[in-house]
$ cat start-v2.cif   # mmCIF, C-alpha atoms
data_query
#
loop_
_atom_site.label_atom_id
_atom_site.label_comp_id
_atom_site.auth_asym_id
_atom_site.auth_seq_id
_atom_site.Cartn_x
_atom_site.Cartn_y
_atom_site.Cartn_z
CA MET A 765 37.10 -88.68 -20.13
CA LEU A 766 34.62 -91.57 -20.04
CA ILE A 767 34.57 -91.72 -23.84
CA ALA A 768 38.39 -91.79 -23.89
CA LEU A 769 38.42 -94.70 -21.41
CA VAL A 770 35.83 -96.61 -23.49
CA ILE A 771 37.88 -96.09 -26.65
CA VAL A 772 41.09 -97.27 -24.97
CA THR A 773 39.40 -100.31 -23.43
CA GLY A 774 37.89 -101.27 -26.79
CA SER A 775 41.26 -100.75 -28.48
CA LEU A 776 42.98 -102.99 -25.93
CA PHE A 777 40.61 -105.87 -26.60
CA TYR A 778 40.69 -105.36 -30.37
CA SER A 779 44.48 -105.13 -30.43
CA ARG A 780 44.69 -108.35 -28.43
CA TYR A 781 42.36 -110.01 -30.93
CA LEU A 782 44.50 -108.80 -33.87
CA SER A 783 47.68 -109.92 -32.09
CA GLN A 784 46.30 -113.44 -31.60
CA LYS A 785 45.15 -113.57 -35.22
CA LEU A 786 48.56 -112.38 -36.45
CA GLY A 787 50.21 -114.95 -34.19
CA LYS A 788 48.33 -117.76 -35.93
CA ILE A 789 49.29 -116.38 -39.36
CA GLU A 790 52.96 -116.19 -38.36
CA LYS A 791 52.86 -119.75 -37.03
CA GLN A 792 51.53 -120.90 -40.41
CA ARG A 793 54.29 -118.93 -42.16
CA VAL A 794 56.98 -120.57 -40.02
CA GLU A 795 55.47 -124.01 -40.65
CA THR A 796 55.45 -123.28 -44.38
CA TRP A 797 59.07 -122.09 -44.14
CA VAL A 798 60.10 -125.28 -42.27
CA GLU A 799 58.36 -127.37 -44.91
CA ALA A 800 60.30 -125.47 -47.59
CA GLN A 801 63.50 -126.30 -45.69
CA ARG A 802 62.50 -129.99 -45.69
CA THR A 803 61.91 -129.85 -49.44
CA ILE A 804 65.29 -128.23 -50.02
CA ALA A 805 67.08 -130.71 -47.71
CA SER A 806 65.54 -133.79 -49.37
CA ALA A 807 65.65 -132.53 -52.95
CA THR A 808 66.99 -134.56 -55.84
CA GLU A 809 68.21 -133.39 -59.20
CA GLU A 810 64.71 -133.72 -60.66
CA THR A 811 63.03 -131.71 -57.85
CA ASN A 812 61.82 -128.25 -58.75
CA LEU A 813 62.96 -126.01 -55.89
CA ASN A 814 61.70 -122.70 -57.20
CA LEU A 815 58.71 -122.52 -54.82
CA ALA A 816 60.67 -123.80 -51.81
CA VAL A 817 63.49 -121.31 -52.37
CA LYS A 818 60.95 -118.50 -52.86
CA ILE A 819 59.18 -119.35 -49.59
CA SER A 820 62.51 -119.69 -47.76
CA SER A 821 63.80 -116.31 -48.97
CA GLU A 822 60.59 -114.37 -48.36
CA ASN A 823 60.77 -114.66 -44.57
CA ARG A 824 62.57 -111.43 -43.67
CA ASP A 825 60.86 -110.51 -40.39
CA ILE A 826 60.17 -113.59 -38.21
CA PRO A 827 63.30 -114.56 -36.20
CA ILE A 828 64.05 -118.29 -36.17
CA ILE A 829 66.69 -120.40 -34.41
CA GLU A 830 67.51 -123.96 -35.43
CA ALA A 831 68.31 -126.47 -32.64
CA THR A 832 68.61 -130.20 -32.18
CA ALA A 833 66.14 -132.37 -30.32
CA THR A 834 68.17 -131.71 -27.17
CA ASP A 835 67.93 -127.92 -27.73
CA SER A 836 71.54 -127.64 -28.76
CA ILE A 837 71.84 -124.70 -31.17
CA THR A 838 73.17 -125.76 -34.57
CA GLY A 839 74.37 -122.29 -35.47
CA ASN A 840 71.71 -121.70 -38.11
CA TYR A 841 69.38 -118.78 -37.49
CA LEU A 842 67.30 -116.29 -39.42
CA ASN A 843 66.45 -112.58 -39.00
CA LEU A 844 68.72 -112.06 -36.00
CA ASP A 845 71.58 -109.62 -35.57
CA SER A 846 74.62 -111.47 -36.91
CA ALA A 847 77.03 -109.22 -34.99
CA LYS A 848 75.36 -110.08 -31.70
CA ALA A 849 74.96 -113.72 -32.68
CA ALA A 850 78.75 -113.99 -32.91
CA SER A 851 79.02 -113.23 -29.19
CA SER A 852 78.58 -116.04 -26.72
CA GLY A 853 75.24 -116.30 -24.99
CA TYR A 854 73.17 -114.20 -27.37
CA LEU A 855 71.59 -117.10 -29.29
CA THR A 856 71.11 -119.08 -26.07
CA SER A 857 69.32 -116.11 -24.51
CA ARG A 858 67.07 -115.64 -27.53
CA LEU A 859 66.35 -119.37 -27.63
CA ARG A 860 65.08 -119.28 -24.04
CA GLU A 861 62.94 -116.27 -24.96
CA PHE A 862 61.47 -118.03 -28.01
CA LYS A 863 60.74 -121.20 -26.03
CA LYS A 864 58.55 -119.18 -23.69
CA MET A 865 56.62 -117.71 -26.61
CA HIS A 866 55.84 -120.70 -28.80
CA PRO A 867 56.36 -124.47 -28.93
CA PRO A 868 58.94 -125.53 -31.54
CA ILE A 869 58.11 -126.70 -35.04
CA VAL A 870 59.78 -130.10 -35.53
CA LEU A 871 61.41 -131.17 -38.79
CA THR A 872 62.13 -134.88 -39.06
CA LEU A 873 65.12 -135.34 -41.36
CA ASP A 874 64.69 -139.04 -42.05
CA GLN A 875 61.51 -141.01 -41.54
CA ASP A 876 63.58 -144.13 -40.80
CA SER A 877 65.43 -142.42 -37.92
CA SER A 878 64.49 -140.36 -34.91
CA GLU A 879 66.85 -137.55 -35.84
CA SER A 880 65.05 -134.22 -36.04
CA LEU A 881 65.55 -130.48 -35.90
CA HIS A 882 63.56 -128.07 -33.76
CA TYR A 883 62.79 -124.60 -35.04
CA TYR A 884 62.02 -121.94 -32.40
CA TYR A 885 60.63 -118.61 -33.52
CA GLY A 886 59.85 -115.26 -31.98
CA GLU A 887 57.72 -112.25 -32.83
CA SER A 888 57.92 -110.23 -35.99
CA ARG A 889 58.38 -106.47 -35.83
CA LEU A 890 54.71 -105.99 -36.74
CA GLN A 891 53.67 -108.29 -33.88
CA ARG A 892 55.79 -106.32 -31.39
CA GLU A 893 54.41 -103.00 -32.61
CA LEU A 894 50.88 -104.34 -32.34
CA ARG A 895 51.58 -105.55 -28.79
CA TYR A 896 52.90 -102.14 -27.69
CA PHE A 897 50.31 -100.15 -29.61
CA PRO A 898 47.63 -100.35 -26.82
CA VAL A 899 50.21 -99.12 -24.29
CA ILE A 900 51.00 -96.12 -26.49
CA GLN A 901 47.31 -95.54 -27.01
CA LEU A 902 46.72 -95.73 -23.27
CA LEU A 903 49.44 -93.12 -22.67
CA ILE A 904 47.93 -90.82 -25.30
CA ALA A 905 44.47 -91.26 -23.78
CA GLY A 906 45.91 -90.60 -20.32
CA LEU A 907 47.54 -87.42 -21.57
CA PHE A 908 44.24 -86.46 -23.21
CA ILE A 909 42.40 -86.99 -19.91
CA VAL A 910 44.97 -84.93 -17.99
CA VAL A 911 44.69 -82.09 -20.52
CA LEU A 912 40.88 -82.24 -20.28
CA PHE A 913 41.10 -82.15 -16.49
CA VAL A 914 43.42 -79.12 -16.54
CA ILE A 915 41.22 -77.32 -19.08
CA GLN A 916 38.14 -78.05 -16.97
CA ARG A 917 39.81 -76.70 -13.83
CA VAL A 918 41.00 -73.57 -15.63
CA ALA A 919 37.52 -73.06 -17.11
CA ASN A 920 35.88 -73.51 -13.71
CA LYS A 921 38.33 -71.10 -12.10
CA SER A 922 37.76 -68.57 -14.87
CA THR A 923 34.00 -68.88 -14.43
CA GLN A 924 34.38 -68.47 -10.68
CA ASN A 925 36.56 -65.39 -11.17
CA ARG A 926 34.00 -63.84 -13.49
CA LEU A 927 31.30 -64.61 -10.95
CA TRP A 928 33.30 -62.96 -8.15
CA VAL A 929 33.96 -59.86 -10.25
CA GLY A 930 30.37 -59.64 -11.47
CA MET A 931 28.96 -60.06 -7.98
CA ALA A 932 31.37 -57.50 -6.53
CA LYS A 933 30.67 -54.89 -9.22
CA GLU A 934 26.92 -55.39 -8.96
CA THR A 935 27.03 -55.08 -5.16
CA ALA A 936 29.07 -51.86 -5.36
CA HIS A 937 26.67 -50.52 -7.99
CA GLN A 938 23.55 -51.38 -5.95
CA LEU A 939 25.00 -49.77 -2.82
CA GLY A 940 26.03 -46.62 -4.68
CA THR A 941 22.54 -45.21 -5.34
CA PRO A 942 21.09 -45.37 -1.80
CA LEU A 943 24.42 -44.23 -0.36
CA THR A 944 24.41 -41.09 -2.48
CA SER A 945 20.86 -40.38 -1.35
CA LEU A 946 21.70 -40.98 2.31
CA GLU A 947 24.70 -38.67 2.09
CA GLY A 948 22.47 -35.95 0.64
CA TRP A 949 19.86 -36.29 3.38
CA SER A 950 22.62 -36.30 5.98
CA GLU A 951 23.99 -33.00 4.67
CA ILE A 952 20.48 -31.45 4.71
CA LEU A 953 19.97 -32.50 8.32
CA LYS A 954 23.42 -31.24 9.31
CA SER A 955 22.79 -27.82 7.75
CA SER A 956 19.43 -27.54 9.53
CA PHE A 957 21.12 -28.14 12.89
CA GLU A 958 23.79 -25.57 12.10
CA ASP A 959 21.06 -22.93 11.58
CA MET A 960 19.68 -23.50 15.07
CA ASP A 961 20.38 -21.17 17.97
CA ALA A 962 23.11 -21.97 20.47
CA ASP A 963 20.47 -22.68 23.09
CA ILE A 964 19.18 -26.08 21.99
CA THR A 965 16.91 -28.51 23.75
CA THR A 966 17.72 -32.01 24.96
CA GLY A 967 15.69 -33.41 22.08
CA ASP A 968 17.85 -31.54 19.61
CA GLN A 969 20.97 -32.96 21.22
CA ASN A 970 19.59 -36.45 20.81
CA LYS A 971 18.85 -35.74 17.17
CA ARG A 972 22.41 -34.52 16.64
CA GLN A 973 23.73 -37.68 18.27
CA ILE A 974 21.52 -39.77 15.98
CA LEU A 975 22.84 -37.81 13.00
CA SER A 976 26.42 -38.47 14.11
CA GLU A 977 25.75 -42.21 14.38
CA MET A 978 24.03 -42.16 10.99
CA GLU A 979 27.09 -40.48 9.44
CA THR A 980 29.29 -43.20 10.97
CA ASP A 981 27.10 -45.90 9.42
CA ILE A 982 27.12 -44.12 6.06
CA ALA A 983 30.93 -43.98 6.17
CA ARG A 984 30.95 -47.69 6.95
CA LEU A 985 28.67 -48.43 4.00
CA LYS A 986 30.92 -46.33 1.75
CA LEU A 987 33.89 -48.38 2.91
CA ILE A 988 32.05 -51.64 2.12
CA SER A 989 31.05 -50.31 -1.30
CA ASP A 990 34.65 -49.24 -1.95
CA ARG A 991 35.90 -52.71 -1.00
CA PHE A 992 33.51 -54.42 -3.41
CA ALA A 993 34.39 -51.94 -6.15
CA LYS A 994 38.09 -52.73 -5.70
CA ILE A 995 37.61 -56.51 -5.63
CA GLY A 996 35.73 -56.19 -8.92
CA SER A 997 38.79 -54.69 -10.61
CA THR A 998 42.56 -54.73 -10.26
CA PRO A 999 43.33 -52.63 -7.16
CA GLN A 1000 46.18 -50.14 -6.93
CA LEU A 1001 48.84 -51.33 -4.47
CA GLU A 1002 50.68 -48.70 -2.44
CA PRO A 1003 53.39 -48.97 0.24
CA ALA A 1004 51.88 -48.90 3.74
CA ASP A 1005 52.77 -49.94 7.28
CA ILE A 1006 50.86 -53.14 8.03
CA ALA A 1007 51.27 -52.59 11.79
CA LEU A 1008 49.19 -49.39 11.74
CA HIS A 1009 46.31 -50.99 9.89
CA LEU A 1010 46.45 -54.13 12.03
CA GLU A 1011 46.23 -51.98 15.17
CA LYS A 1012 43.31 -50.02 13.67
CA MET A 1013 41.30 -53.13 12.81
CA VAL A 1014 42.00 -54.75 16.21
CA ASN A 1015 40.66 -51.61 17.92
CA TYR A 1016 37.60 -51.67 15.64
CA ILE A 1017 36.79 -55.30 16.50
CA LYS A 1018 37.68 -54.77 20.17
CA LYS A 1019 34.86 -52.21 20.54
CA ARG A 1020 32.39 -54.80 19.30
CA ALA A 1021 33.64 -57.69 21.44
CA GLY A 1022 32.62 -58.47 25.00
CA ILE A 1023 34.76 -57.71 28.03
CA GLY A 1024 35.62 -61.41 28.28
CA VAL A 1025 37.76 -61.31 25.10
CA GLN A 1026 41.34 -60.06 25.46
CA PHE A 1027 43.19 -58.60 22.46
CA GLU A 1028 46.94 -58.31 21.97
CA VAL A 1029 49.05 -56.98 19.10
CA VAL A 1030 52.71 -58.04 18.95
CA ALA A 1031 54.90 -56.05 16.53
CA GLU A 1032 58.43 -55.84 17.89
CA ASP A 1033 60.37 -54.78 14.78
CA PRO A 1034 58.60 -51.86 13.04
CA PRO A 1035 58.07 -50.67 10.39
CA TYR A 1036 56.32 -53.41 8.41
CA GLN A 1037 56.13 -51.90 4.92
CA ALA A 1038 54.27 -53.83 2.21
CA ALA A 1039 52.57 -52.92 -1.06
CA ILE A 1040 48.85 -53.25 -0.29
CA SER A 1041 45.41 -52.01 -1.18
CA VAL A 1042 44.47 -50.51 2.19
CA PRO A 1043 40.67 -51.09 2.00
CA LEU A 1044 41.12 -54.69 0.86
CA MET A 1045 43.85 -55.56 3.36
CA ASP A 1046 41.75 -54.03 6.17
CA TRP A 1047 38.93 -56.29 4.97
CA VAL A 1048 41.21 -59.34 5.16
CA ILE A 1049 42.28 -58.56 8.72
CA GLU A 1050 38.70 -57.75 9.72
CA ASN A 1051 37.43 -61.07 8.35
CA LEU A 1052 40.09 -63.05 10.24
CA LEU A 1053 39.43 -61.15 13.49
CA LYS A 1054 35.67 -61.63 13.15
CA ASN A 1055 36.13 -65.34 12.54
CA ALA A 1056 38.36 -65.55 15.60
CA LEU A 1057 35.72 -63.71 17.64
CA ASP A 1058 32.95 -66.02 16.36
CA ALA A 1059 35.02 -69.06 17.33
CA MET A 1060 34.90 -68.08 21.01
CA SER A 1061 31.84 -68.07 23.26
CA GLY A 1062 32.38 -64.52 24.48
CA ARG A 1063 35.55 -65.42 26.39
CA GLY A 1064 39.15 -66.02 25.35
CA GLN A 1065 42.14 -64.35 23.75
CA ILE A 1066 42.92 -63.04 20.25
CA GLN A 1067 46.52 -62.27 19.37
CA ALA A 1068 47.81 -60.59 16.20
CA THR A 1069 51.54 -61.08 15.65
CA LEU A 1070 53.76 -59.38 13.05
CA LEU A 1071 57.09 -60.84 11.95
CA LYS A 1072 59.40 -60.10 9.04
CA ASN A 1073 62.56 -61.30 7.33
CA ASP A 1074 64.59 -60.08 4.37
CA ARG A 1075 61.83 -60.81 1.87
CA GLN A 1076 58.50 -61.29 3.65
CA ILE A 1077 56.09 -59.92 6.23
CA ILE A 1078 54.25 -62.55 8.25
CA ILE A 1079 50.91 -61.88 9.96
CA ASP A 1080 49.60 -64.46 12.44
CA ILE A 1081 46.03 -64.15 13.75
CA SER A 1082 45.53 -66.56 16.67
CA ASP A 1083 42.53 -67.27 18.86
CA SER A 1084 41.70 -69.59 21.75
CA GLY A 1085 38.40 -70.68 20.24
CA LYS A 1086 36.89 -74.01 19.23
CA GLY A 1087 39.51 -74.77 16.54
CA ILE A 1088 39.31 -76.45 13.14
CA ALA A 1089 39.66 -80.15 12.29
CA HIS A 1090 42.80 -80.91 10.29
CA SER A 1091 40.70 -82.31 7.41
CA HIS A 1092 39.10 -78.86 7.00
CA PHE A 1093 42.33 -76.83 6.75
CA LYS A 1094 41.99 -76.37 2.98
CA LYS A 1095 38.19 -76.57 2.81
CA VAL A 1096 37.72 -73.43 4.92
CA PHE A 1097 38.80 -71.33 1.92
CA ASN A 1098 36.29 -72.96 -0.46
CA PRO A 1099 33.29 -70.78 -1.37
CA GLY A 1100 30.22 -71.96 0.51
CA PHE A 1101 32.08 -73.90 3.20
CA THR A 1102 31.06 -72.82 6.71
CA THR A 1103 30.70 -74.37 10.16
CA LYS A 1104 28.38 -71.60 11.36
CA LYS A 1105 24.63 -72.06 11.64
CA ARG A 1106 24.18 -68.73 9.86
CA GLY A 1107 26.70 -67.87 7.21
CA TRP A 1108 27.37 -67.93 3.48
CA GLY A 1109 30.91 -69.29 3.66
CA LEU A 1110 32.31 -66.47 1.51
CA GLY A 1111 34.47 -64.53 4.00
CA LEU A 1112 37.57 -66.72 3.89
CA ALA A 1113 37.12 -67.37 0.16
CA LEU A 1114 37.22 -63.60 -0.47
CA THR A 1115 40.13 -63.27 1.95
CA LYS A 1116 42.15 -65.87 0.04
CA ARG A 1117 41.39 -64.18 -3.27
CA ILE A 1118 42.46 -60.77 -1.96
CA VAL A 1119 45.71 -62.06 -0.45
CA GLU A 1120 46.82 -64.38 -3.25
CA GLN A 1121 45.50 -62.82 -6.46
CA TYR A 1122 45.72 -59.12 -5.63
CA HIS A 1123 48.65 -59.00 -3.18
CA HIS A 1124 50.68 -61.98 -4.50
CA GLY A 1125 50.85 -63.42 -1.00
CA THR A 1126 49.84 -66.63 0.75
CA ILE A 1127 47.26 -67.46 3.40
CA PHE A 1128 46.79 -70.79 5.17
CA VAL A 1129 45.88 -72.39 8.48
CA LYS A 1130 49.20 -72.56 10.29
CA HIS A 1131 47.95 -74.52 13.29
CA SER A 1132 44.65 -75.58 14.81
CA GLU A 1133 43.36 -78.09 17.33
CA PRO A 1134 39.69 -78.68 18.18
CA GLY A 1135 39.01 -76.97 21.47
CA ARG A 1136 42.41 -75.22 21.58
CA GLY A 1137 42.17 -72.47 18.99
CA THR A 1138 43.40 -71.63 15.51
CA THR A 1139 46.21 -69.63 13.91
CA PHE A 1140 45.85 -68.21 10.40
CA ARG A 1141 49.05 -67.05 8.70
CA ILE A 1142 49.37 -64.45 5.95
CA ILE A 1143 52.67 -64.00 4.09
CA LEU A 1144 53.18 -60.82 2.03
CA PRO A 1145 56.18 -59.66 -0.04
CA LEU A 1146 58.26 -57.04 1.73
CA VAL A 1147 58.65 -53.65 0.02
#
$ encode --input "start-v2.cif" --output "structure tokens"
Amino acid sequence: MLIALVIVTGSLFYSRYLSQKLGKIEKQRVETWVEAQRTIASATEETNLNLAVKISSENRDIPIIEATATDSITGNYLNLDSAKAASSGYLTSRLREFKKMHPPIVLTLDQDSSESLHYYYGESRLQRELRYFPVIQLLIAGLFIVVLFVIQRVANKSTQNRLWVGMAKETAHQLGTPLTSLEGWSEILKSSFEDMDADITTGDQNKRQILSEMETDIARLKLISDRFAKIGSTPQLEPADIALHLEKMVNYIKKRAGIGVQFEVVAEDPPYQAAISVPLMDWVIENLLKNALDAMSGRGQIQATLLKNDRQIIIDISDSGKGIAHSHFKKVFNPGFTTKKRGWGLGLALTKRIVEQYHHGTIFVKHSEPGRGTTFRIILPLV
């Protein structure tokens, strides 16, 4: 882009230089033409007019208007549209235009009198083209810069997409091996407890409870691995009721929130059928609910609202937390952007990718005020 700007700037100055140089050449040509007219006007029978006539006839591009000393047009002109010249006002208009461009070249008819003719001239076609050439070049360079900018954005987005996919696949792969091992050990422990007698000790009960909690955590890790595996490839979308999954994720987060946080789900017009990838959409809702929970200091209200029309399902996740500044509405979805002391700033970026690229929906900050809470809105196509 910088190189394009340098080229255009250099071309502008060079074109101006050429235009000025051509202007001087054209002035000399007009002066030579006027001198030829003087020779023709004052010729005698012995005068050889071959050169004067040749010079006079060779001017086919520089427009000239002949006028008196008082700028009264005589009716003689050169290289102007004769059809337009026949209409009133055309020559007068062109004369005013020429007067602004160049001073007239004066031809004195008789040295013993003050009678003279003034010749006003304009720009040749080459001069006009040279004058507009930098503008055309600037437009081409501007188009070139725009194309470069678009290509750069597409390339950056493509690189980012490959990075997301690579990271997701690698994460799912790395989780797969220890998960398989943990599942195996879990089954061994479960079978050993099943072989025990009915009369078990308190210690054995505690071990069974630990095993149950371990199986819950393994199932959670499998869910996380499944989510990363799906975000690393094109997920299969299936019709599902959003209300059921919203209720499930609210209950999941509710168990992990303090008693000072109140949850409410509003879904007054079921069912809410949409084509979704269940693990990924659960992840989206979980991320938004966790962010809402993090925005409150252990006290407040989180409300999930479902709406629908003929074409769309609308999900609003609202909280009464610290809110977001208006200047950050779009930045919150950028990878790496976070207002938390501890955080990678990837949650909302992944959420946006899942909603928009995989579910063909939209997510944005509907409303937020610092100190008064935030509402995120998701819009999904209705099945």
$ closest_residue --input "start-v2.cif" --among "A:Gln1067, A:Arg895, A:Gln938, A:Gly1024" --to "Tyr778 in chain A" --atoms "all atoms listed in the file"
A:Arg895
$ closest_residue --input "start-v2.cif" --among "A:Ala983, A:Ala816, A:Ile904, A:Met931" --to "Leu1110 in chain A" --atoms "only C-alpha atoms"
A:Met931
$ residues_around --input "start-v2.cif" --residues "range 887-892 of chain A" --least-positions-apart "4" --cutoff "7 Å" --atoms "all atoms listed in the file" --output "PyMOL selection string"
chain A and resi 783+825-827+896
$ resolve_selection --input "start-v2.cif" --expression "the PyMOL selection byres ((chain A and resi 1144) around 6)" --output "short mmCIF file (atom, residue, chain, number, x, y, z; two decimals) with C-alpha atoms, keeping the file's coordinate frame"
data_model
loop_
_atom_site.label_atom_id
_atom_site.label_comp_id
_atom_site.auth_asym_id
_atom_site.auth_seq_id
_atom_site.Cartn_x
_atom_site.Cartn_y
_atom_site.Cartn_z
CA GLN A 1076 58.50 -61.29 3.65
CA ILE A 1077 56.09 -59.92 6.23
CA GLY A 1125 50.85 -63.42 -1.00
CA ILE A 1143 52.67 -64.00 4.09
CA PRO A 1145 56.18 -59.66 -0.04
#
$ closest_atom_pairs --input "start-v2.cif" --of "range 982-1051 of chain A" --to "range 1058-1061 of chain A" --cutoff "10 Å" --atoms "only C-alpha atoms" --output "tab-separated table"
residue	atom	partner	partner_atom	distance
A:Ala1021	CA	A:Asp1058	CA	9.8
A:Gly1022	CA	A:Ser1061	CA	9.8
A:Gly1024	CA	A:Ser1061	CA	9.2
A:Val1025	CA	A:Met1060	CA	8.4
$ closest_residue --input "start-v2.cif" --among "A:Lys1054, A:His937, A:Arg824, A:Arg1075" --to "Ser989 in chain A" --atoms "all atoms listed in the file"
A:His937
$ atom_distance --input "start-v2.cif" --atom1 "CA of Val1119 in chain A" --atom2 "CA of Thr923 in chain A"
19.5 Å
$ resolve_selection --input "start-v2.cif" --expression "the PyMOL selection byres ((chain A and resi 1114) around 9)" --output "list in words"
Trp928, Ile995, Val1048, Phe1097, Pro1099, Leu1110, Gly1111, Leu1112, Ala1113, Thr1115, Lys1116, Arg1117, Ile1118 and Val1119 of chain A
$ atom_distance --input "start-v2.cif" --atom1 "CA of Leu1071 in chain A" --atom2 "CA of Pro1034 in chain A"
9.2 Å
$ residues_around --input "start-v2.cif" --residues "Arg972 in chain A" --least-positions-apart "5" --cutoff "9 Å" --atoms "all atoms listed in the file" --output "count of residues only"
5
$ residues_around --input "start-v2.cif" --residues "Leu943 in chain A" --least-positions-apart "3" --cutoff "9 Å" --atoms "all atoms listed in the file" --output "VMD selection string"
chain A and resid 939 to 940 946 to 948 982 985 to 986
$ write_last_selection --input "start-v2.cif" --atoms "C-alpha atoms" --output "mmCIF file, in the coordinates of the input"
data_model
loop_
_atom_site.group_PDB
_atom_site.id
_atom_site.type_symbol
_atom_site.label_atom_id
_atom_site.label_comp_id
_atom_site.auth_asym_id
_atom_site.auth_seq_id
_atom_site.Cartn_x
_atom_site.Cartn_y
_atom_site.Cartn_z
ATOM 1 C CA LEU A 939 25.000 -49.770 -2.820
ATOM 2 C CA GLY A 940 26.030 -46.620 -4.680
ATOM 3 C CA LEU A 946 21.700 -40.980 2.310
ATOM 4 C CA GLU A 947 24.700 -38.670 2.090
ATOM 5 C CA GLY A 948 22.470 -35.950 0.640
ATOM 6 C CA ILE A 982 27.120 -44.120 6.060
ATOM 7 C CA LEU A 985 28.670 -48.430 4.000
ATOM 8 C CA LYS A 986 30.920 -46.330 1.750
#
$ residues_around --input "start-v2.cif" --residues "Val772 in chain A" --least-positions-apart "5" --cutoff "12 Å" --atoms "all atoms listed in the file" --output "tab-separated table (two decimals) with C-alpha atoms, in the frame of the given file"
chain	number	residue	atom	x	y	z
A	765	MET	CA	37.10	-88.68	-20.13
A	766	LEU	CA	34.62	-91.57	-20.04
A	767	ILE	CA	34.57	-91.72	-23.84
A	777	PHE	CA	40.61	-105.87	-26.60
A	778	TYR	CA	40.69	-105.36	-30.37
A	779	SER	CA	44.48	-105.13	-30.43
A	897	PHE	CA	50.31	-100.15	-29.61
A	898	PRO	CA	47.63	-100.35	-26.82
A	899	VAL	CA	50.21	-99.12	-24.29
A	900	ILE	CA	51.00	-96.12	-26.49
A	901	GLN	CA	47.31	-95.54	-27.01
A	902	LEU	CA	46.72	-95.73	-23.27
A	903	LEU	CA	49.44	-93.12	-22.67
A	904	ILE	CA	47.93	-90.82	-25.30
A	905	ALA	CA	44.47	-91.26	-23.78
A	906	GLY	CA	45.91	-90.60	-20.32
A	908	PHE	CA	44.24	-86.46	-23.21
A	909	ILE	CA	42.40	-86.99	-19.91
$ atom_distance --input "start-v2.cif" --atom1 "CA of Thr941 in chain A" --atom2 "CA of Glu1050 in chain A"
25.4 Å
$ axis_aligned_box --input "start-v2.cif" --around "range 825-837 of chain A" --padding-each-side "5 Å" --output "lines of an AutoDock Vina configuration file"
center_x = 66.0
center_y = -121.4
center_z = -33.8
size_x = 21.7
size_y = 31.9
size_z = 23.2
$ closest_residue --input "start-v2.cif" --among "A:Leu975, A:Met865, A:Val1042, A:Leu987" --to "Leu1008 in chain A" --atoms "all atoms listed in the file"
A:Val1042
$ closest_residue --input "start-v2.cif" --among "A:Val1147, A:Met1013, A:Val910, A:Ile837" --to "Gln1037 in chain A" --atoms "all atoms listed in the file"
A:Val1147
$ residues_around --input "start-v2.cif" --residues "Ser836 in chain A" --least-positions-apart "6" --cutoff "12 Å" --atoms "only C-alpha atoms" --output "number ranges by chain"
A: 829-830, 855-856, 859-860, 880-884
$ closest_residue --input "start-v2.cif" --among "A:Ile1017, A:Leu894, A:Ala850, A:Val870" --to "Ser775 in chain A" --atoms "all atoms listed in the file"
A:Leu894
$ resolve_selection --input "start-v2.cif" --expression "the PyMOL selection byres ((chain A and resi 871) around 10)" --output "PDB file with C-alpha atoms, in the frame of the given file"
ATOM      1  CA  GLU A 795      55.470-124.010 -40.650  1.00  0.00           C
ATOM      2  CA  VAL A 798      60.100-125.280 -42.270  1.00  0.00           C
ATOM      3  CA  GLU A 799      58.360-127.370 -44.910  1.00  0.00           C
ATOM      4  CA  GLN A 801      63.500-126.300 -45.690  1.00  0.00           C
ATOM      5  CA  ARG A 802      62.500-129.990 -45.690  1.00  0.00           C
ATOM      6  CA  THR A 832      68.610-130.200 -32.180  1.00  0.00           C
ATOM      7  CA  ALA A 833      66.140-132.370 -30.320  1.00  0.00           C
ATOM      8  CA  PRO A 868      58.940-125.530 -31.540  1.00  0.00           C
ATOM      9  CA  ILE A 869      58.110-126.700 -35.040  1.00  0.00           C
ATOM     10  CA  VAL A 870      59.780-130.100 -35.530  1.00  0.00           C
ATOM     11  CA  THR A 872      62.130-134.880 -39.060  1.00  0.00           C
ATOM     12  CA  LEU A 873      65.120-135.340 -41.360  1.00  0.00           C
ATOM     13  CA  ASP A 874      64.690-139.040 -42.050  1.00  0.00           C
ATOM     14  CA  GLU A 879      66.850-137.550 -35.840  1.00  0.00           C
ATOM     15  CA  SER A 880      65.050-134.220 -36.040  1.00  0.00           C
ATOM     16  CA  LEU A 881      65.550-130.480 -35.900  1.00  0.00           C
ATOM     17  CA  HIS A 882      63.560-128.070 -33.760  1.00  0.00           C
ATOM     18  CA  TYR A 883      62.790-124.600 -35.040  1.00  0.00           C
TER      19      TYR A 883
END
$ residues_near_point --input "start-v2.cif" --point "(68.3, -111.2, -34.8)" --cutoff "10 Å" --atoms "all atoms listed in the file" --output "number ranges by chain"
A: 825-829, 841-849, 854-855, 858, 886
